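Trainee: Contents of target-v7.cif (mmCIF, C-alpha atoms) are given next:
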```cif
data_target
loop_
_atom_site.group_PDB
_atom_site.id
_atom_site.type_symbol
_atom_site.label_atom_id
_atom_site.label_comp_id
_atom_site.auth_asym_id
_atom_site.auth_seq_id
_atom_site.Cartn_x
_atom_site.Cartn_y
_atom_site.Cartn_z
ATOM 1 C CA MET C 928 0.000 0.000 0.000
ATOM 2 C CA VAL C 929 2.868 2.346 0.824
ATOM 3 C CA ARG C 930 4.392 1.538 -2.563
ATOM 4 C CA HIS C 931 1.115 2.462 -4.237
ATOM 5 C CA TYR C 932 0.971 5.890 -2.540
ATOM 6 C CA ARG C 933 4.623 6.587 -3.319
ATOM 7 C CA ARG C 934 3.955 5.825 -6.965
ATOM 8 C CA LEU C 935 0.905 8.161 -6.971
ATOM 9 C CA GLY C 936 2.932 10.996 -5.465
ATOM 10 C CA ARG C 937 6.076 10.483 -7.519
ATOM 11 C CA GLY C 938 7.352 13.776 -8.896
ATOM 12 C CA ILE C 939 4.822 15.845 -6.950
ATOM 13 C CA GLY C 940 5.929 18.129 -4.190
ATOM 14 C CA THR C 941 4.027 18.470 -0.927
ATOM 15 C CA ASP C 942 2.340 21.709 -2.008
ATOM 16 C CA LYS C 943 1.174 20.193 -5.284
ATOM 17 C CA LEU C 944 -0.117 17.054 -3.536
ATOM 18 C CA ASP C 945 -2.144 19.194 -1.099
ATOM 19 C CA ALA C 946 -3.574 21.230 -3.974
ATOM 20 C CA MET C 947 -4.459 18.076 -5.870
ATOM 21 C CA LEU C 948 -6.190 16.529 -2.826
ATOM 22 C CA ASN C 949 -8.094 19.772 -2.159
ATOM 23 C CA GLN C 950 -9.253 19.815 -5.768
ATOM 24 C CA VAL C 951 -10.482 16.212 -5.452
ATOM 25 C CA LEU C 952 -12.355 17.103 -2.237
ATOM 26 C CA ASP C 953 -13.918 20.187 -3.867
ATOM 27 C CA ARG C 954 -15.109 18.126 -6.828
ATOM 28 C CA THR C 955 -16.520 15.458 -4.505
ATOM 29 C CA GLU C 956 -18.453 18.068 -2.503
ATOM 30 C CA MET C 957 -19.793 19.656 -5.685
ATOM 31 C CA ALA C 958 -20.873 16.252 -7.038
ATOM 32 C CA THR C 959 -22.618 15.477 -3.738
ATOM 33 C CA ARG C 960 -24.548 18.777 -3.881
ATOM 34 C CA GLU C 961 -25.566 18.106 -7.481
ATOM 35 C CA VAL C 962 -26.745 14.560 -6.661
ATOM 36 C CA ASN C 963 -28.816 15.890 -3.753
ATOM 37 C CA ALA C 964 -30.380 18.544 -6.001
ATOM 38 C CA VAL C 965 -31.246 15.906 -8.621
ATOM 39 C CA ARG C 966 -32.789 13.688 -5.919
ATOM 40 C CA GLY C 967 -34.984 16.593 -4.794
ATOM 41 C CA GLU C 968 -36.143 17.326 -8.347
ATOM 42 C CA LEU C 969 -36.812 13.637 -8.999
ATOM 43 C CA GLY C 970 -38.986 13.421 -5.883
ATOM 44 C CA MET C 971 -40.948 16.497 -6.952
ATOM 45 C CA LEU C 972 -41.467 15.111 -10.473
ATOM 46 C CA SER C 973 -42.541 11.730 -9.103
ATOM 47 C CA ARG C 974 -45.244 13.381 -6.979
ATOM 48 C CA GLN C 975 -46.452 15.435 -9.954
ATOM 49 C CA VAL C 976 -46.637 12.429 -12.282
ATOM 50 C CA GLU C 977 -48.956 10.561 -9.902
ATOM 51 C CA GLY C 978 -51.741 13.014 -10.797
ATOM 52 C CA ASN C 979 -51.366 12.574 -14.562
ATOM 53 C CA LEU C 980 -53.504 10.283 -16.678
ATOM 54 C CA GLN C 981 -51.800 6.897 -16.414
ATOM 55 C CA CYS C 982 -54.489 4.245 -16.171
ATOM 56 C CA VAL C 983 -56.741 3.575 -19.148
ATOM 57 C CA GLY C 984 -59.284 0.815 -19.514
ATOM 58 C CA MET C 985 -61.848 0.271 -22.251
ATOM 59 C CA VAL C 986 -64.626 -2.253 -22.699
ATOM 60 C CA ARG C 987 -66.663 -2.495 -25.892
ATOM 61 C CA TYR C 988 -70.056 -4.128 -25.693
ATOM 62 C CA ASN C 989 -73.447 -4.467 -27.330
ATOM 63 C CA ALA C 990 -75.914 -2.401 -25.272
ATOM 64 C CA PHE C 991 -78.988 -3.233 -27.341
ATOM 65 C CA GLU C 992 -80.065 -6.563 -28.778
ATOM 66 C CA ASP C 993 -81.081 -5.118 -32.150
ATOM 67 C CA THR C 994 -77.669 -3.471 -32.720
ATOM 68 C CA GLY C 995 -74.594 -5.546 -33.464
ATOM 69 C CA GLY C 996 -70.887 -4.883 -33.556
ATOM 70 C CA ASP C 997 -70.157 -3.958 -29.941
ATOM 71 C CA GLN C 998 -70.449 -0.251 -30.748
ATOM 72 C CA SER C 999 -71.146 0.827 -27.146
ATOM 73 C CA PHE C 1000 -68.194 1.391 -24.824
ATOM 74 C CA ALA C 1001 -67.066 2.133 -21.290
ATOM 75 C CA LEU C 1002 -63.807 4.095 -21.024
ATOM 76 C CA ALA C 1003 -61.986 4.772 -17.740
ATOM 77 C CA LEU C 1004 -59.343 7.550 -17.702
ATOM 78 C CA LEU C 1005 -57.636 7.646 -14.305
ATOM 79 C CA ASP C 1006 -54.468 8.749 -12.512
ATOM 80 C CA ALA C 1007 -52.197 6.505 -10.420
ATOM 81 C CA HIS C 1008 -54.531 6.838 -7.410
ATOM 82 C CA GLY C 1009 -57.658 5.827 -9.337
ATOM 83 C CA ASN C 1010 -59.046 9.351 -9.672
ATOM 84 C CA GLY C 1011 -60.540 10.624 -12.909
ATOM 85 C CA ALA C 1012 -63.645 9.797 -14.894
ATOM 86 C CA ILE C 1013 -65.448 6.986 -16.621
ATOM 87 C CA PHE C 1014 -67.274 7.575 -19.892
ATOM 88 C CA ASN C 1015 -70.014 5.331 -21.158
ATOM 89 C CA GLY C 1016 -71.142 5.602 -24.772
ATOM 90 C CA LEU C 1017 -74.405 3.885 -25.633
ATOM 91 C CA TYR C 1018 -74.841 3.323 -29.335
ATOM 92 C CA HIS C 1019 -78.192 2.578 -30.939
ATOM 93 C CA ARG C 1020 -79.142 2.717 -34.601
ATOM 94 C CA ASN C 1021 -81.061 5.978 -34.156
ATOM 95 C CA GLU C 1022 -78.919 7.722 -31.550
ATOM 96 C CA CYS C 1023 -75.774 7.681 -29.474
ATOM 97 C CA LYS C 1024 -75.576 8.926 -25.908
ATOM 98 C CA VAL C 1025 -72.460 9.518 -23.806
ATOM 99 C CA PHE C 1026 -72.464 9.659 -20.018
ATOM 100 C CA ALA C 1027 -69.622 10.620 -17.691
ATOM 101 C CA LYS C 1028 -69.135 9.799 -14.011
ATOM 102 C CA PRO C 1029 -66.416 10.945 -11.617
ATOM 103 C CA VAL C 1030 -64.155 8.268 -10.159
ATOM 104 C CA ASN C 1031 -62.269 8.579 -6.872
ATOM 105 C CA ASP C 1032 -60.070 5.828 -5.432
ATOM 106 C CA TRP C 1033 -61.177 3.395 -8.173
ATOM 107 C CA LYS C 1034 -64.890 3.867 -7.307
ATOM 108 C CA SER C 1035 -67.722 6.175 -8.293
ATOM 109 C CA THR C 1036 -70.459 7.542 -6.062
ATOM 110 C CA TYR C 1037 -72.847 6.824 -8.956
ATOM 111 C CA SER C 1038 -74.101 3.334 -9.706
ATOM 112 C CA MET C 1039 -72.006 1.619 -12.355
ATOM 113 C CA SER C 1040 -72.732 -0.994 -14.969
ATOM 114 C CA ASP C 1041 -70.755 -4.233 -15.190
ATOM 115 C CA GLU C 1042 -68.937 -2.800 -18.219
ATOM 116 C CA GLU C 1043 -67.906 0.336 -16.305
ATOM 117 C CA ILE C 1044 -66.634 -1.745 -13.391
ATOM 118 C CA GLU C 1045 -64.650 -3.863 -15.866
ATOM 119 C CA ALA C 1046 -63.191 -0.742 -17.535
ATOM 120 C CA ILE C 1047 -61.997 0.534 -14.143
ATOM 121 C CA ARG C 1048 -60.463 -2.879 -13.380
ATOM 122 C CA LYS C 1049 -58.658 -2.813 -16.717
ATOM 123 C CA ALA C 1050 -57.456 0.735 -16.028
ATOM 124 C CA ARG C 1051 -56.107 -0.325 -12.639
ATOM 125 C CA ASP C 1052 -54.345 -3.306 -14.236
ATOM 126 C CA SER C 1053 -52.757 -1.025 -16.866
ATOM 127 C CA GLY C 1054 -51.330 1.458 -14.363
ATOM 128 C CA PRO C 1055 -47.772 1.982 -13.121
ATOM 129 C CA THR C 1056 -48.268 -0.123 -9.987
ATOM 130 C CA ALA C 1057 -49.932 -3.031 -11.797
ATOM 131 C CA PRO C 1058 -48.077 -6.333 -11.525
ATOM 132 C CA ARG C 1059 -46.182 -7.137 -14.696
#
```
Take the structure I supplied and represent it as C-alpha coordinates, if you would.

Mentor:
Amino acid sequence: MVRHYRRLGRGIGTDKLDAMLNQVLDRTEMATREVNAVRGELGMLSRQVEGNLQCVGMVRYNAFEDTGGDQSFALALLDAHGNGAIFNGLYHRNECKVFAKPVNDWKSTYSMSDEEIEAIRKARDSGPTAPR
(Lines of atoms letter the chains of each structure in order from A and count residues from 1; the text may use other names and numbers.)
(Lines give C-alpha, C1' and ligand atoms only; values in the text may rest on other atoms or scores of the structure.)
Protein backbone atom coordinates (compact mmCIF):
# COMPACT_ATOMS: atom_id res chain seq x y z
CA MET A 1 0.00 0.00 0.00
CA VAL A 2 2.87 2.35 0.82
CA ARG A 3 4.39 1.54 -2.56
CA HIS A 4 1.11 2.46 -4.24
CA TYR A 5 0.97 5.89 -2.54
CA ARG A 6 4.62 6.59 -3.32
CA ARG A 7 3.95 5.83 -6.96
CA LEU A 8 0.90 8.16 -6.97
CA GLY A 9 2.93 11.00 -5.46
CA ARG A 10 6.08 10.48 -7.52
CA GLY A 11 7.35 13.78 -8.90
CA ILE A 12 4.82 15.84 -6.95
CA GLY A 13 5.93 18.13 -4.19
CA THR A 14 4.03 18.47 -0.93
CA ASP A 15 2.34 21.71 -2.01
CA LYS A 16 1.17 20.19 -5.28
CA LEU A 17 -0.12 17.05 -3.54
CA ASP A 18 -2.14 19.19 -1.10
CA ALA A 19 -3.57 21.23 -3.97
CA MET A 20 -4.46 18.08 -5.87
CA LEU A 21 -6.19 16.53 -2.83
CA ASN A 22 -8.09 19.77 -2.16
CA GLN A 23 -9.25 19.81 -5.77
CA VAL A 24 -10.48 16.21 -5.45
CA LEU A 25 -12.36 17.10 -2.24
CA ASP A 26 -13.92 20.19 -3.87
CA ARG A 27 -15.11 18.13 -6.83
CA THR A 28 -16.52 15.46 -4.50
CA GLU A 29 -18.45 18.07 -2.50
CA MET A 30 -19.79 19.66 -5.68
CA ALA A 31 -20.87 16.25 -7.04
CA THR A 32 -22.62 15.48 -3.74
CA ARG A 33 -24.55 18.78 -3.88
CA GLU A 34 -25.57 18.11 -7.48
CA VAL A 35 -26.74 14.56 -6.66
CA ASN A 36 -28.82 15.89 -3.75
CA ALA A 37 -30.38 18.54 -6.00
CA VAL A 38 -31.25 15.91 -8.62
CA ARG A 39 -32.79 13.69 -5.92
CA GLY A 40 -34.98 16.59 -4.79
CA GLU A 41 -36.14 17.33 -8.35
CA LEU A 42 -36.81 13.64 -9.00
CA GLY A 43 -38.99 13.42 -5.88
CA MET A 44 -40.95 16.50 -6.95
CA LEU A 45 -41.47 15.11 -10.47
CA SER A 46 -42.54 11.73 -9.10
CA ARG A 47 -45.24 13.38 -6.98
CA GLN A 48 -46.45 15.43 -9.95
CA VAL A 49 -46.64 12.43 -12.28
CA GLU A 50 -48.96 10.56 -9.90
CA GLY A 51 -51.74 13.01 -10.80
CA ASN A 52 -51.37 12.57 -14.56
CA LEU A 53 -53.50 10.28 -16.68
CA GLN A 54 -51.80 6.90 -16.41
CA CYS A 55 -54.49 4.24 -16.17
CA VAL A 56 -56.74 3.58 -19.15
CA GLY A 57 -59.28 0.81 -19.51
CA MET A 58 -61.85 0.27 -22.25
CA VAL A 59 -64.63 -2.25 -22.70
CA ARG A 60 -66.66 -2.50 -25.89
CA TYR A 61 -70.06 -4.13 -25.69
CA ASN A 62 -73.45 -4.47 -27.33
CA ALA A 63 -75.91 -2.40 -25.27
CA PHE A 64 -78.99 -3.23 -27.34
CA GLU A 65 -80.07 -6.56 -28.78
CA ASP A 66 -81.08 -5.12 -32.15
CA THR A 67 -77.67 -3.47 -32.72
CA GLY A 68 -74.59 -5.55 -33.46
CA GLY A 69 -70.89 -4.88 -33.56
CA ASP A 70 -70.16 -3.96 -29.94
CA GLN A 71 -70.45 -0.25 -30.75
CA SER A 72 -71.15 0.83 -27.15
CA PHE A 73 -68.19 1.39 -24.82
CA ALA A 74 -67.07 2.13 -21.29
CA LEU A 75 -63.81 4.10 -21.02
CA ALA A 76 -61.99 4.77 -17.74
CA LEU A 77 -59.34 7.55 -17.70
CA LEU A 78 -57.64 7.65 -14.31
CA ASP A 79 -54.47 8.75 -12.51
CA ALA A 80 -52.20 6.50 -10.42
CA HIS A 81 -54.53 6.84 -7.41
CA GLY A 82 -57.66 5.83 -9.34
CA ASN A 83 -59.05 9.35 -9.67
CA GLY A 84 -60.54 10.62 -12.91
CA ALA A 85 -63.64 9.80 -14.89
CA ILE A 86 -65.45 6.99 -16.62
CA PHE A 87 -67.27 7.58 -19.89
CA ASN A 88 -70.01 5.33 -21.16
CA GLY A 89 -71.14 5.60 -24.77
CA LEU A 90 -74.41 3.89 -25.63
CA TYR A 91 -74.84 3.32 -29.33
CA HIS A 92 -78.19 2.58 -30.94
CA ARG A 93 -79.14 2.72 -34.60
CA ASN A 94 -81.06 5.98 -34.16
CA GLU A 95 -78.92 7.72 -31.55
CA CYS A 96 -75.77 7.68 -29.47
CA LYS A 97 -75.58 8.93 -25.91
CA VAL A 98 -72.46 9.52 -23.81
CA PHE A 99 -72.46 9.66 -20.02
CA ALA A 100 -69.62 10.62 -17.69
CA LYS A 101 -69.14 9.80 -14.01
CA PRO A 102 -66.42 10.95 -11.62
CA VAL A 103 -64.16 8.27 -10.16
CA ASN A 104 -62.27 8.58 -6.87
CA ASP A 105 -60.07 5.83 -5.43
CA TRP A 106 -61.18 3.39 -8.17
CA LYS A 107 -64.89 3.87 -7.31
CA SER A 108 -67.72 6.18 -8.29
CA THR A 109 -70.46 7.54 -6.06
CA TYR A 110 -72.85 6.82 -8.96
CA SER A 111 -74.10 3.33 -9.71
CA MET A 112 -72.01 1.62 -12.35
CA SER A 113 -72.73 -0.99 -14.97
CA ASP A 114 -70.76 -4.23 -15.19
CA GLU A 115 -68.94 -2.80 -18.22
CA GLU A 116 -67.91 0.34 -16.31
CA ILE A 117 -66.63 -1.74 -13.39
CA GLU A 118 -64.65 -3.86 -15.87
CA ALA A 119 -63.19 -0.74 -17.53
CA ILE A 120 -62.00 0.53 -14.14
CA ARG A 121 -60.46 -2.88 -13.38
CA LYS A 122 -58.66 -2.81 -16.72
CA ALA A 123 -57.46 0.73 -16.03
CA ARG A 124 -56.11 -0.32 -12.64
CA ASP A 125 -54.35 -3.31 -14.24
CA SER A 126 -52.76 -1.02 -16.87
CA GLY A 127 -51.33 1.46 -14.36
CA PRO A 128 -47.77 1.98 -13.12
CA THR A 129 -48.27 -0.12 -9.99
CA ALA A 130 -49.93 -3.03 -11.80
CA PRO A 131 -48.08 -6.33 -11.53
CA ARG A 132 -46.18 -7.14 -14.70

Trainee: May I ask which of the residues C:Glu956, C:Arg930, C:Glu961, C:Asp993 is the closest one to Arg1020 in chain C, counting only C-alpha atoms?

Mentor: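 Of all the options, C:Asp993 lies closest to Arg1020 in chain C.
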
Trainee: Since I can't run it myself right now, could you work out what the PyMOL selection byres ((chain C and resi 1055) around 12) selects here and report it as a list in words?

Mentor: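 Matching residues under the PyMOL selection byres ((chain C and resi 1055) around 12) are Ser973, Val976, Glu977, Gly978, Asn979, Leu980, Gln981, Cys982, Val983, Leu1005, Asp1006, Ala1007, His1008, Gly1009, Ala1050, Arg1051, Asp1052, Ser1053, Gly1054, Thr1056, Ala1057, Pro1058 and Arg1059 of chain C.
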
Trainee: Output the residue selection produced by the PyMOL selection byres ((chain C and resi 1028) around 9) on the file above, formatted as a ChimeraX atom specification.

Mentor: /C:1011-1015,1026-1027,1029-1030,1035-1037,1039

Trainee: Ranking C:Lys943, C:Arg974, C:His931, C:Lys1024 by minimum distance to Gln998 in chain C and counting only C-alpha atoms, which one comes first?

Mentor: C:Lys1024

Trainee: Please write as an MDAnalysis selection string the full residue list that the PyMOL selection byres ((chain C and resi 999) around 9) yields on this file.

Mentor: chainID C and resid 986:991 996:998 1000:1001 1015:1019 1023

Trainee: What is the CA of Glu1043 in chain C-CA of Gly984 in chain C distance in Å, reported with one decimal?

Mentor: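 Taking CA of Glu1043 in chain C and CA of Gly984 in chain C, their separation equals 9.2 Å.
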
Trainee: As an exercise, work out the distance from CA of Asn963 in chain C to CA of Leu944 in chain C in Å and give it to one decimal place.

Mentor: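 CA of Leu944 in chain C lies 28.7 Å from CA of Asn963 in chain C.
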
Trainee: How many Å lie between CA of Arg934 in chain C and CA of Ala946 in chain C, rounded to one decimal?

Mentor: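 CA of Arg934 in chain C sits 17.4 Å away from CA of Ala946 in chain C.
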
Trainee: Taking all atoms of range 989-1002 of chain C that appear in the file, build a box with edges along x, y and z, extend it by 3 Å on every side, and state its centre and edge lengths in Å to one decimal, as AutoDock Vina command-line options.

Mentor:
```
--center_x -72.4 --center_y -1.2 --center_z -27.3 --size_x 23.3 --size_y 16.7 --size_z 18.5
```

Trainee: Starting from the incomplete input, reconstruct N, CA and C atoms of range 998-1023 of chain C and write that as a PDB file, in the frame of the given file.

Mentor:
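Writing done, so here's result_1.pdb:
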```pdb
ATOM      1  N   GLN C 998     -70.723  -1.671 -30.509  1.00  0.00           N
ATOM      2  CA  GLN C 998     -70.449  -0.251 -30.748  1.00  0.00           C
ATOM      3  C   GLN C 998     -70.500   0.588 -29.475  1.00  0.00           C
ATOM      4  N   SER C 999     -71.121   0.101 -28.415  1.00  0.00           N
ATOM      5  CA  SER C 999     -71.146   0.827 -27.146  1.00  0.00           C
ATOM      6  C   SER C 999     -69.820   0.612 -26.435  1.00  0.00           C
ATOM      7  N   PHE C1000     -69.487   1.509 -25.511  1.00  0.00           N
ATOM      8  CA  PHE C1000     -68.194   1.391 -24.824  1.00  0.00           C
ATOM      9  C   PHE C1000     -68.247   1.993 -23.433  1.00  0.00           C
ATOM     10  N   ALA C1001     -67.347   1.529 -22.592  1.00  0.00           N
ATOM     11  CA  ALA C1001     -67.066   2.133 -21.290  1.00  0.00           C
ATOM     12  C   ALA C1001     -65.572   2.419 -21.279  1.00  0.00           C
ATOM     13  N   LEU C1002     -65.214   3.668 -20.982  1.00  0.00           N
ATOM     14  CA  LEU C1002     -63.807   4.095 -21.024  1.00  0.00           C
ATOM     15  C   LEU C1002     -63.442   4.771 -19.712  1.00  0.00           C
ATOM     16  N   ALA C1003     -62.472   4.198 -18.999  1.00  0.00           N
ATOM     17  CA  ALA C1003     -61.986   4.772 -17.740  1.00  0.00           C
ATOM     18  C   ALA C1003     -60.662   5.478 -17.996  1.00  0.00           C
ATOM     19  N   LEU C1004     -60.567   6.750 -17.580  1.00  0.00           N
ATOM     20  CA  LEU C1004     -59.343   7.550 -17.702  1.00  0.00           C
ATOM     21  C   LEU C1004     -58.985   8.027 -16.296  1.00  0.00           C
ATOM     22  N   LEU C1005     -57.936   7.431 -15.718  1.00  0.00           N
ATOM     23  CA  LEU C1005     -57.636   7.646 -14.305  1.00  0.00           C
ATOM     24  C   LEU C1005     -56.155   7.929 -14.066  1.00  0.00           C
ATOM     25  N   ASP C1006     -55.861   8.538 -12.901  1.00  0.00           N
ATOM     26  CA  ASP C1006     -54.468   8.749 -12.512  1.00  0.00           C
ATOM     27  C   ASP C1006     -53.983   7.548 -11.693  1.00  0.00           C
ATOM     28  N   ALA C1007     -52.795   7.633 -11.143  1.00  0.00           N
ATOM     29  CA  ALA C1007     -52.197   6.505 -10.420  1.00  0.00           C
ATOM     30  C   ALA C1007     -52.951   6.155  -9.145  1.00  0.00           C
ATOM     31  N   HIS C1008     -53.765   7.078  -8.634  1.00  0.00           N
ATOM     32  CA  HIS C1008     -54.531   6.838  -7.410  1.00  0.00           C
ATOM     33  C   HIS C1008     -55.966   6.406  -7.697  1.00  0.00           C
ATOM     34  N   GLY C1009     -56.307   6.242  -8.979  1.00  0.00           N
ATOM     35  CA  GLY C1009     -57.658   5.827  -9.337  1.00  0.00           C
ATOM     36  C   GLY C1009     -58.652   6.962  -9.351  1.00  0.00           C
ATOM     37  N   ASN C1010     -58.172   8.181  -9.601  1.00  0.00           N
ATOM     38  CA  ASN C1010     -59.046   9.351  -9.672  1.00  0.00           C
ATOM     39  C   ASN C1010     -59.138   9.814 -11.118  1.00  0.00           C
ATOM     40  N   GLY C1011     -60.336  10.161 -11.541  1.00  0.00           N
ATOM     41  CA  GLY C1011     -60.540  10.624 -12.909  1.00  0.00           C
ATOM     42  C   GLY C1011     -62.000  10.515 -13.286  1.00  0.00           C
ATOM     43  N   ALA C1012     -62.267   9.907 -14.417  1.00  0.00           N
ATOM     44  CA  ALA C1012     -63.645   9.797 -14.894  1.00  0.00           C
ATOM     45  C   ALA C1012     -63.827   8.528 -15.709  1.00  0.00           C
ATOM     46  N   ILE C1013     -65.074   8.096 -15.745  1.00  0.00           N
ATOM     47  CA  ILE C1013     -65.448   6.986 -16.621  1.00  0.00           C
ATOM     48  C   ILE C1013     -66.518   7.501 -17.576  1.00  0.00           C
ATOM     49  N   PHE C1014     -66.353   7.152 -18.841  1.00  0.00           N
ATOM     50  CA  PHE C1014     -67.274   7.575 -19.892  1.00  0.00           C
ATOM     51  C   PHE C1014     -67.960   6.335 -20.449  1.00  0.00           C
ATOM     52  N   ASN C1015     -69.253   6.442 -20.631  1.00  0.00           N
ATOM     53  CA  ASN C1015     -70.014   5.331 -21.158  1.00  0.00           C
ATOM     54  C   ASN C1015     -70.775   5.824 -22.381  1.00  0.00           C
ATOM     55  N   GLY C1016     -70.475   5.248 -23.525  1.00  0.00           N
ATOM     56  CA  GLY C1016     -71.142   5.602 -24.772  1.00  0.00           C
ATOM     57  C   GLY C1016     -72.107   4.510 -25.174  1.00  0.00           C
ATOM     58  N   LEU C1017     -73.378   4.853 -25.249  1.00  0.00           N
ATOM     59  CA  LEU C1017     -74.405   3.885 -25.633  1.00  0.00           C
ATOM     60  C   LEU C1017     -74.813   4.152 -27.070  1.00  0.00           C
ATOM     61  N   TYR C1018     -74.545   3.181 -27.916  1.00  0.00           N
ATOM     62  CA  TYR C1018     -74.841   3.323 -29.335  1.00  0.00           C
ATOM     63  C   TYR C1018     -76.104   2.542 -29.686  1.00  0.00           C
ATOM     64  N   HIS C1019     -77.006   3.217 -30.381  1.00  0.00           N
ATOM     65  CA  HIS C1019     -78.192   2.578 -30.939  1.00  0.00           C
ATOM     66  C   HIS C1019     -78.316   3.055 -32.376  1.00  0.00           C
ATOM     67  N   ARG C1020     -79.035   2.357 -33.184  1.00  0.00           N
ATOM     68  CA  ARG C1020     -79.142   2.717 -34.601  1.00  0.00           C
ATOM     69  C   ARG C1020     -79.605   4.149 -34.819  1.00  0.00           C
ATOM     70  N   ASN C1021     -80.482   4.639 -33.971  1.00  0.00           N
ATOM     71  CA  ASN C1021     -81.061   5.978 -34.156  1.00  0.00           C
ATOM     72  C   ASN C1021     -80.358   7.067 -33.369  1.00  0.00           C
ATOM     73  N   GLU C1022     -79.566   6.703 -32.379  1.00  0.00           N
ATOM     74  CA  GLU C1022     -78.919   7.722 -31.550  1.00  0.00           C
ATOM     75  C   GLU C1022     -77.724   7.137 -30.795  1.00  0.00           C
ATOM     76  N   CYS C1023     -76.933   8.061 -30.302  1.00  0.00           N
ATOM     77  CA  CYS C1023     -75.774   7.681 -29.474  1.00  0.00           C
ATOM     78  C   CYS C1023     -75.733   8.643 -28.298  1.00  0.00           C
TER      79      CYS C1023
END
```
